[in-house]
>>> print(open('final12.cif').read())   # mmCIF, C-alpha atoms
data_protein
loop_
_atom_site.group_PDB
_atom_site.id
_atom_site.type_symbol
_atom_site.label_atom_id
_atom_site.label_comp_id
_atom_site.auth_asym_id
_atom_site.auth_seq_id
_atom_site.Cartn_x
_atom_site.Cartn_y
_atom_site.Cartn_z
ATOM 1 C CA MET U 1 14.414 2.950 41.829
ATOM 2 C CA HIS U 2 10.646 3.443 41.847
ATOM 3 C CA HIS U 3 8.606 4.156 38.753
ATOM 4 C CA LEU U 4 5.196 5.724 38.602
ATOM 5 C CA PHE U 5 2.763 4.162 36.141
ATOM 6 C CA LEU U 6 -0.554 5.826 35.447
ATOM 7 C CA ALA U 7 -3.329 3.473 34.415
ATOM 8 C CA ASP U 8 -5.503 6.307 33.156
ATOM 9 C CA ALA U 9 -2.858 8.053 31.057
ATOM 10 C CA GLY U 10 -4.644 7.457 27.773
ATOM 11 C CA VAL U 11 -4.402 5.203 24.750
ATOM 12 C CA PRO U 12 -2.491 6.250 21.639
ATOM 13 C CA MET U 13 -4.968 5.087 19.004
ATOM 14 C CA ILE U 14 -2.226 4.210 16.530
ATOM 15 C CA CYS U 15 -1.584 1.180 18.767
ATOM 16 C CA VAL U 16 -5.187 0.076 18.249
ATOM 17 C CA GLN U 17 -5.919 1.204 14.702
ATOM 18 C CA ARG U 18 -2.782 0.057 12.900
ATOM 19 C CA PRO U 19 -3.028 -3.658 13.849
ATOM 20 C CA PHE U 20 -6.745 -3.547 12.978
ATOM 21 C CA MET U 21 -5.958 -2.081 9.550
ATOM 22 C CA PHE U 22 -3.260 -4.678 8.859
ATOM 23 C CA CYS U 23 -5.624 -7.512 9.845
ATOM 24 C CA ALA U 24 -8.264 -6.102 7.497
ATOM 25 C CA LEU U 25 -5.809 -5.536 4.639
ATOM 26 C CA LEU U 26 -6.554 -8.705 2.651
ATOM 27 C CA PRO U 27 -10.358 -8.280 2.567
ATOM 28 C CA VAL U 28 -9.905 -4.565 1.784
ATOM 29 C CA ILE U 29 -7.658 -5.421 -1.171
ATOM 30 C CA VAL U 30 -10.236 -7.906 -2.463
ATOM 31 C CA ILE U 31 -13.134 -5.449 -2.073
ATOM 32 C CA GLU U 32 -11.297 -2.589 -3.763
ATOM 33 C CA ALA U 33 -9.889 -4.754 -6.560
ATOM 34 C CA LEU U 34 -13.343 -6.109 -7.385
ATOM 35 C CA ILE U 35 -14.933 -2.655 -7.409
ATOM 36 C CA VAL U 36 -12.174 -1.103 -9.519
ATOM 37 C CA ARG U 37 -12.083 -4.087 -11.907
ATOM 38 C CA ARG U 38 -15.787 -3.867 -12.520
ATOM 39 C CA ARG U 39 -15.922 -0.079 -12.934
ATOM 40 C CA LEU U 40 -12.878 0.190 -15.198
ATOM 41 C CA HIS U 41 -13.281 -3.130 -17.075
ATOM 42 C CA LEU U 42 -9.794 -4.327 -16.158
ATOM 43 C CA SER U 43 -8.411 -7.830 -15.827
ATOM 44 C CA ASN U 44 -8.314 -9.515 -12.440
ATOM 45 C CA ARG U 45 -4.529 -9.461 -12.490
ATOM 46 C CA ARG U 46 -4.218 -5.715 -13.187
ATOM 47 C CA SER U 47 -6.834 -4.763 -10.617
ATOM 48 C CA PHE U 48 -5.487 -7.003 -7.839
ATOM 49 C CA ILE U 49 -1.859 -5.973 -8.357
ATOM 50 C CA ALA U 50 -2.774 -2.282 -8.305
ATOM 51 C CA ALA U 51 -5.104 -2.704 -5.295
ATOM 52 C CA THR U 52 -2.412 -4.564 -3.376
ATOM 53 C CA LYS U 53 0.232 -1.940 -4.110
ATOM 54 C CA ALA U 54 -2.072 0.988 -3.337
ATOM 55 C CA ASN U 55 -3.416 -0.485 -0.102
ATOM 56 C CA PHE U 56 -0.037 -1.514 1.269
ATOM 57 C CA PHE U 57 1.168 2.012 0.668
ATOM 58 C CA SER U 58 -1.900 3.676 2.175
ATOM 59 C CA THR U 59 -1.836 1.355 5.202
ATOM 60 C CA LEU U 60 1.865 1.920 5.836
ATOM 61 C CA ALA U 61 1.756 5.684 5.269
ATOM 62 C CA GLY U 62 -1.876 6.794 5.507
ATOM 63 C CA VAL U 63 -2.839 5.250 8.845
ATOM 64 C CA PRO U 64 0.083 6.794 10.784
ATOM 65 C CA LEU U 65 -0.308 10.082 8.940
ATOM 66 C CA ALA U 66 -4.024 10.276 9.783
ATOM 67 C CA TRP U 67 -3.207 9.544 13.418
ATOM 68 C CA ILE U 68 -0.480 12.207 13.515
ATOM 69 C CA LEU U 69 -2.830 14.780 11.981
ATOM 70 C CA MET U 70 -5.550 13.973 14.517
ATOM 71 C CA LEU U 71 -3.019 14.096 17.349
ATOM 72 C CA ILE U 72 -1.858 17.541 16.206
ATOM 73 C CA ALA U 73 -5.498 18.657 15.984
ATOM 74 C CA GLU U 74 -6.090 17.248 19.454
ATOM 75 C CA PHE U 75 -3.250 19.210 20.993
ATOM 76 C CA THR U 76 -4.065 22.437 19.159
ATOM 77 C CA ILE U 77 -7.832 22.295 19.794
ATOM 78 C CA THR U 78 -8.301 20.610 23.137
ATOM 79 C CA ARG U 79 -5.373 21.833 25.183
ATOM 80 C CA PRO U 80 -6.529 25.479 25.101
ATOM 81 C CA LEU U 81 -10.136 24.326 25.516
ATOM 82 C CA VAL U 82 -9.353 22.225 28.586
ATOM 83 C CA SER U 83 -8.092 25.118 30.635
ATOM 84 C CA VAL U 84 -11.252 27.148 29.991
ATOM 85 C CA VAL U 85 -13.599 24.197 30.447
ATOM 86 C CA GLU U 86 -12.021 22.952 33.674
ATOM 87 C CA LYS U 87 -11.773 26.447 35.111
ATOM 88 C CA ASN U 88 -15.494 27.021 34.593
ATOM 89 C CA HIS U 89 -16.610 23.398 35.267
ATOM 90 C CA TRP U 90 -18.312 23.206 31.878
ATOM 91 C CA LEU U 91 -17.225 19.731 30.900
ATOM 92 C CA THR U 92 -19.571 17.428 32.788
ATOM 93 C CA GLY U 93 -22.918 17.060 31.074
ATOM 94 C CA SER U 94 -22.365 19.815 28.533
ATOM 95 C CA PRO U 95 -22.050 19.691 24.741
ATOM 96 C CA LEU U 96 -18.379 20.565 25.242
ATOM 97 C CA GLU U 97 -17.931 17.135 26.812
ATOM 98 C CA TYR U 98 -18.815 15.545 23.470
ATOM 99 C CA LEU U 99 -16.685 18.000 21.505
ATOM 100 C CA TYR U 100 -13.811 17.224 23.834
ATOM 101 C CA ALA U 101 -14.295 13.458 23.363
ATOM 102 C CA VAL U 102 -14.392 13.775 19.566
ATOM 103 C CA ALA U 103 -11.362 16.057 19.469
ATOM 104 C CA ASN U 104 -9.383 13.563 21.560
ATOM 105 C CA ILE U 105 -9.500 10.645 19.160
ATOM 106 C CA GLY U 106 -5.753 10.586 18.557
ATOM 107 C CA TRP U 107 -4.929 9.825 22.173
ATOM 108 C CA THR U 108 -8.111 8.841 23.944
ATOM 109 C CA ALA U 109 -9.266 7.903 27.427
ATOM 110 C CA PRO U 110 -8.454 4.324 28.444
ATOM 111 C CA SER U 111 -12.063 3.151 28.336
ATOM 112 C CA PRO U 112 -13.334 0.487 25.941
ATOM 113 C CA VAL U 113 -16.198 2.743 24.835
ATOM 114 C CA MET U 114 -13.905 5.684 24.057
ATOM 115 C CA VAL U 115 -11.436 3.433 22.237
ATOM 116 C CA ASP U 116 -14.274 2.079 20.070
ATOM 117 C CA ILE U 117 -15.630 5.557 19.345
ATOM 118 C CA ALA U 118 -12.160 6.880 18.567
ATOM 119 C CA GLY U 119 -11.525 3.887 16.293
ATOM 120 C CA ALA U 120 -14.675 4.639 14.311
ATOM 121 C CA LEU U 121 -13.952 8.367 14.118
ATOM 122 C CA LEU U 122 -10.351 7.791 13.037
ATOM 123 C CA LEU U 123 -11.693 5.974 9.987
ATOM 124 C CA ILE U 124 -12.847 9.362 8.644
ATOM 125 C CA PRO U 125 -9.440 11.058 8.195
ATOM 126 C CA THR U 126 -7.915 7.712 7.261
ATOM 127 C CA PHE U 127 -10.502 7.341 4.483
ATOM 128 C CA PHE U 128 -9.643 10.710 2.944
ATOM 129 C CA LEU U 129 -5.904 10.111 3.176
ATOM 130 C CA SER U 130 -6.330 6.653 1.651
ATOM 131 C CA VAL U 131 -8.256 8.067 -1.285
ATOM 132 C CA PHE U 132 -5.622 10.750 -1.807
ATOM 133 C CA LEU U 133 -2.671 8.319 -1.596
ATOM 134 C CA GLU U 134 -4.301 5.488 -3.526
ATOM 135 C CA ARG U 135 -5.374 7.705 -6.426
ATOM 136 C CA ARG U 136 -1.738 8.422 -7.165
ATOM 137 C CA SER U 137 -0.796 4.779 -6.852
ATOM 138 C CA TYR U 138 -3.610 3.544 -9.085
ATOM 139 C CA ARG U 139 -2.954 6.221 -11.722
ATOM 140 C CA SER U 140 0.732 5.252 -11.857
ATOM 141 C CA SER U 141 -0.292 1.605 -12.269
ATOM 142 C CA TRP U 142 -2.690 2.411 -15.115
ATOM 143 C CA PRO U 143 -1.365 5.338 -17.182
ATOM 144 C CA ASP U 144 -3.500 4.129 -20.102
ATOM 145 C CA VAL U 145 -6.800 4.529 -18.184
ATOM 146 C CA ASP U 146 -8.651 7.854 -17.975
ATOM 147 C CA SER U 147 -7.519 9.557 -14.744
ATOM 148 C CA LYS U 148 -11.009 10.899 -13.945
ATOM 149 C CA ALA U 149 -12.440 7.395 -14.190
ATOM 150 C CA VAL U 150 -9.624 6.093 -11.961
ATOM 151 C CA ASN U 151 -10.238 8.854 -9.415
ATOM 152 C CA ARG U 152 -13.969 8.096 -9.257
ATOM 153 C CA SER U 153 -13.341 4.352 -9.048
ATOM 154 C CA VAL U 154 -10.805 4.767 -6.235
ATOM 155 C CA TRP U 155 -13.290 6.937 -4.322
ATOM 156 C CA LEU U 156 -16.026 4.277 -4.685
ATOM 157 C CA ALA U 157 -13.639 1.409 -3.923
ATOM 158 C CA ASN U 158 -12.521 3.114 -0.725
ATOM 159 C CA LEU U 159 -16.112 3.870 0.171
ATOM 160 C CA GLY U 160 -16.843 0.150 -0.141
ATOM 161 C CA SER U 161 -13.806 -0.935 1.845
ATOM 162 C CA TYR U 162 -14.375 1.623 4.608
ATOM 163 C CA CYS U 163 -18.015 0.539 4.898
ATOM 164 C CA PHE U 164 -16.605 -2.958 5.426
ATOM 165 C CA LEU U 165 -14.182 -1.649 8.082
ATOM 166 C CA LEU U 166 -16.994 0.186 9.859
ATOM 167 C CA ALA U 167 -19.147 -2.962 9.773
ATOM 168 C CA VAL U 168 -16.294 -5.013 11.260
ATOM 169 C CA LEU U 169 -15.831 -2.406 13.973
ATOM 170 C CA TYR U 170 -19.577 -2.447 14.675
ATOM 171 C CA VAL U 171 -19.577 -6.262 15.013
ATOM 172 C CA TRP U 172 -16.525 -6.042 17.278
ATOM 173 C CA VAL U 173 -18.232 -3.481 19.532
ATOM 174 C CA ARG U 174 -21.453 -5.539 19.686
ATOM 175 C CA TRP U 175 -19.478 -8.676 20.494
ATOM 176 C CA GLN U 176 -17.433 -6.839 23.092
ATOM 177 C CA PHE U 177 -20.532 -5.461 24.835
ATOM 178 C CA HIS U 178 -22.336 -8.796 24.616
ATOM 179 C CA PHE U 179 -19.575 -10.616 26.470
ATOM 180 C CA THR U 180 -18.449 -7.739 28.699
ATOM 181 C CA TYR U 181 -21.844 -6.567 29.927
ATOM 182 C CA PRO U 182 -24.229 -9.530 29.477
ATOM 183 C CA ARG U 183 -26.134 -9.064 32.738
ATOM 184 C CA MET U 184 -26.519 -5.315 32.487
ATOM 185 C CA GLY U 185 -28.963 -5.460 29.586
ATOM 186 C CA CYS U 186 -26.839 -3.097 27.466
ATOM 187 C CA ILE U 187 -27.579 -5.022 24.307
#
>>> encode(input="final12.cif", output="structure tokens")
Amino acid sequence: MHHLFLADAGVPMICVQRPFMFCALLPVIVIEALIVRRRLHLSNRRSFIAATKANFFSTLAGVPLAWILMLIAEFTITRPLVSVVEKNHWLTGSPLEYLYAVANIGWTAPSPVMVDIAGALLLIPTFFLSVFLERRSYRSSWPDVDSKAVNRSVWLANLGSYCFLLAVLYVWVRWQFHFTYPRMGCI
């Protein structure tokens, strides 16, 4: 029996993003716990326990949910667009090429550049889902703390941790280009 394997079939970004998020989980917990502890004047123990619980939950549920939402958006936006674009040869060199690339971040082209771009862009919906999920978790951990203050602190803590994630991704991309394309003068 012969099987056909397509090397250019695409990369489901959940396979890239989820391991990255789990590897970054410990520093994210530390960053968020420190920010929340300082803003809400909590003990180290309370802030680290709540940050650990909230981030495990948002990593287990939020990362796949963000990917699923972007995959649904990809299929509902780009599939109708592709037929029109390909029929009229509008894709190459047009602004639609960039729209198409951005809309395809759930299941992207198997190129290192597109995987890196999709990884960075997937941080956006993941950020908003994390804030939404973690607010509930933090508020249940601290019923005695003002919910508006918790909400604001969770927003700022996630902003700090996602800036860290973006910085790690940036360093990864720079490192990747440095060792992949050293003679081409890309960096």
>>> closest_residue(input="final12.cif", among="U:Trp175, U:Phe132, U:Tyr100, U:Tyr170", to="Arg152 of chain U", atoms="all atoms listed in the file")
U:Phe132
>>> axis_aligned_box(input="final12.cif", around="segment 161-176 of chain U", padding_each_side="6 Å", output="AutoDock Vina command-line options")
--center_x -17.6 --center_y -3.5 --center_z 12.5 --size_x 19.6 --size_y 22.3 --size_z 33.2
>>> residues_around(input="final12.cif", residues="Met21 of chain U", least_positions_apart="4", cutoff="10 Å", atoms="only C-alpha atoms", output="JSON, numbers by chain")
{"U": [16, 17, 25, 26, 28, 59, 60, 63, 123, 165]}
>>> resolve_selection(input="final12.cif", expression="the PyMOL selection byres ((chain U and resi 149) around 12)", output="ChimeraX atom specification")
/U:36-41,135,138-139,142-148,150-157
>>> atom_distance(input="final12.cif", atom1="atom CA of Ser161 of chain U", atom2="atom CA of Phe48 of chain U")
14.1 Å
>>> residues_around(input="final12.cif", residues="Glu134 of chain U", least_positions_apart="2", cutoff="7 Å", atoms="all atoms listed in the file", output="VMD selection string")
chain U and resid 54 to 55 58 130 to 132 136 to 138
>>> closest_residue(input="final12.cif", among="U:Arg45, U:Pro64, U:Val173, U:Glu32", to="Pro19 of chain U", atoms="all atoms listed in the file")
U:Pro64
>>> residues_around(input="final12.cif", residues="Asn104 of chain U", least_positions_apart="3", cutoff="8 Å", atoms="all atoms listed in the file", output="PDB file with C-alpha atoms, in the frame of the given file")
ATOM      1  CA  LEU U  71      -3.019  14.096  17.349  1.00  0.00           C
ATOM      2  CA  GLU U  74      -6.090  17.248  19.454  1.00  0.00           C
ATOM      3  CA  THR U  78      -8.301  20.610  23.137  1.00  0.00           C
ATOM      4  CA  TYR U 100     -13.811  17.224  23.834  1.00  0.00           C
ATOM      5  CA  ALA U 101     -14.295  13.458  23.363  1.00  0.00           C
ATOM      6  CA  TRP U 107      -4.929   9.825  22.173  1.00  0.00           C
ATOM      7  CA  THR U 108      -8.111   8.841  23.944  1.00  0.00           C
ATOM      8  CA  ALA U 118     -12.160   6.880  18.567  1.00  0.00           C
TER       9      ALA U 118
END
>>> closest_residue(input="final12.cif", among="U:Ile49, U:Leu65, U:Leu122, U:Leu34", to="Asn158 of chain U", atoms="all atoms listed in the file")
U:Leu34
>>> closest_residue(input="final12.cif", among="U:Ile77, U:Leu42, U:Ala167, U:Ile31", to="Gly106 of chain U", atoms="all atoms listed in the file")
U:Ile77
>>> resolve_selection(input="final12.cif", expression="the PyMOL selection byres ((chain U and resi 117) around 10)", output="short mmCIF file (atom, residue, chain, number, x, y, z; two decimals) with C-alpha atoms, in the frame of the given file")
data_model
loop_
_atom_site.label_atom_id
_atom_site.label_comp_id
_atom_site.auth_asym_id
_atom_site.auth_seq_id
_atom_site.Cartn_x
_atom_site.Cartn_y
_atom_site.Cartn_z
CA ALA U 101 -14.30 13.46 23.36
CA VAL U 102 -14.39 13.78 19.57
CA ILE U 105 -9.50 10.64 19.16
CA THR U 108 -8.11 8.84 23.94
CA SER U 111 -12.06 3.15 28.34
CA PRO U 112 -13.33 0.49 25.94
CA VAL U 113 -16.20 2.74 24.84
CA MET U 114 -13.90 5.68 24.06
CA VAL U 115 -11.44 3.43 22.24
CA ASP U 116 -14.27 2.08 20.07
CA ALA U 118 -12.16 6.88 18.57
CA GLY U 119 -11.52 3.89 16.29
CA ALA U 120 -14.68 4.64 14.31
CA LEU U 121 -13.95 8.37 14.12
CA LEU U 122 -10.35 7.79 13.04
CA LEU U 169 -15.83 -2.41 13.97
CA VAL U 173 -18.23 -3.48 19.53
#
>>> decode(input="final12.cif", residues="segment 65-78 of chain U", atoms="N, CA and C atoms", output="PDB file, in the first residue's frame")
ATOM      1  N   LEU U  65      -7.952  26.798  22.905  1.00  0.00           N
ATOM      2  CA  LEU U  65      -9.144  27.537  22.526  1.00  0.00           C
ATOM      3  C   LEU U  65      -8.808  28.686  21.570  1.00  0.00           C
ATOM      4  N   ALA U  66      -7.734  29.403  21.837  1.00  0.00           N
ATOM      5  CA  ALA U  66      -7.303  30.478  20.937  1.00  0.00           C
ATOM      6  C   ALA U  66      -6.976  29.910  19.562  1.00  0.00           C
ATOM      7  N   TRP U  67      -6.300  28.771  19.538  1.00  0.00           N
ATOM      8  CA  TRP U  67      -5.959  28.149  18.255  1.00  0.00           C
ATOM      9  C   TRP U  67      -7.222  27.726  17.501  1.00  0.00           C
ATOM     10  N   ILE U  68      -8.162  27.125  18.201  1.00  0.00           N
ATOM     11  CA  ILE U  68      -9.411  26.690  17.556  1.00  0.00           C
ATOM     12  C   ILE U  68     -10.164  27.893  16.992  1.00  0.00           C
ATOM     13  N   LEU U  69     -10.235  28.975  17.758  1.00  0.00           N
ATOM     14  CA  LEU U  69     -10.914  30.178  17.274  1.00  0.00           C
ATOM     15  C   LEU U  69     -10.230  30.749  16.033  1.00  0.00           C
ATOM     16  N   MET U  70      -8.906  30.763  16.023  1.00  0.00           N
ATOM     17  CA  MET U  70      -8.189  31.276  14.856  1.00  0.00           C
ATOM     18  C   MET U  70      -8.320  30.324  13.672  1.00  0.00           C
ATOM     19  N   LEU U  71      -8.407  29.038  13.929  1.00  0.00           N
ATOM     20  CA  LEU U  71      -8.603  28.075  12.852  1.00  0.00           C
ATOM     21  C   LEU U  71      -9.994  28.241  12.235  1.00  0.00           C
ATOM     22  N   ILE U  72     -10.989  28.445  13.072  1.00  0.00           N
ATOM     23  CA  ILE U  72     -12.352  28.700  12.566  1.00  0.00           C
ATOM     24  C   ILE U  72     -12.364  29.991  11.744  1.00  0.00           C
ATOM     25  N   ALA U  73     -11.714  31.030  12.264  1.00  0.00           N
ATOM     26  CA  ALA U  73     -11.638  32.296  11.516  1.00  0.00           C
ATOM     27  C   ALA U  73     -10.913  32.087  10.192  1.00  0.00           C
ATOM     28  N   GLU U  74      -9.865  31.285  10.217  1.00  0.00           N
ATOM     29  CA  GLU U  74      -9.125  31.008   8.987  1.00  0.00           C
ATOM     30  C   GLU U  74     -10.018  30.368   7.937  1.00  0.00           C
ATOM     31  N   PHE U  75     -10.771  29.362   8.336  1.00  0.00           N
ATOM     32  CA  PHE U  75     -11.606  28.665   7.362  1.00  0.00           C
ATOM     33  C   PHE U  75     -12.795  29.508   6.907  1.00  0.00           C
ATOM     34  N   THR U  76     -13.308  30.354   7.780  1.00  0.00           N
ATOM     35  CA  THR U  76     -14.461  31.172   7.369  1.00  0.00           C
ATOM     36  C   THR U  76     -14.050  32.407   6.574  1.00  0.00           C
ATOM     37  N   ILE U  77     -12.840  32.925   6.810  1.00  0.00           N
ATOM     38  CA  ILE U  77     -12.381  34.119   6.101  1.00  0.00           C
ATOM     39  C   ILE U  77     -11.616  33.761   4.831  1.00  0.00           C
ATOM     40  N   THR U  78     -10.639  32.877   4.962  1.00  0.00           N
ATOM     41  CA  THR U  78      -9.736  32.677   3.829  1.00  0.00           C
ATOM     42  C   THR U  78     -10.253  31.719   2.774  1.00  0.00           C
TER      43      THR U  78
END
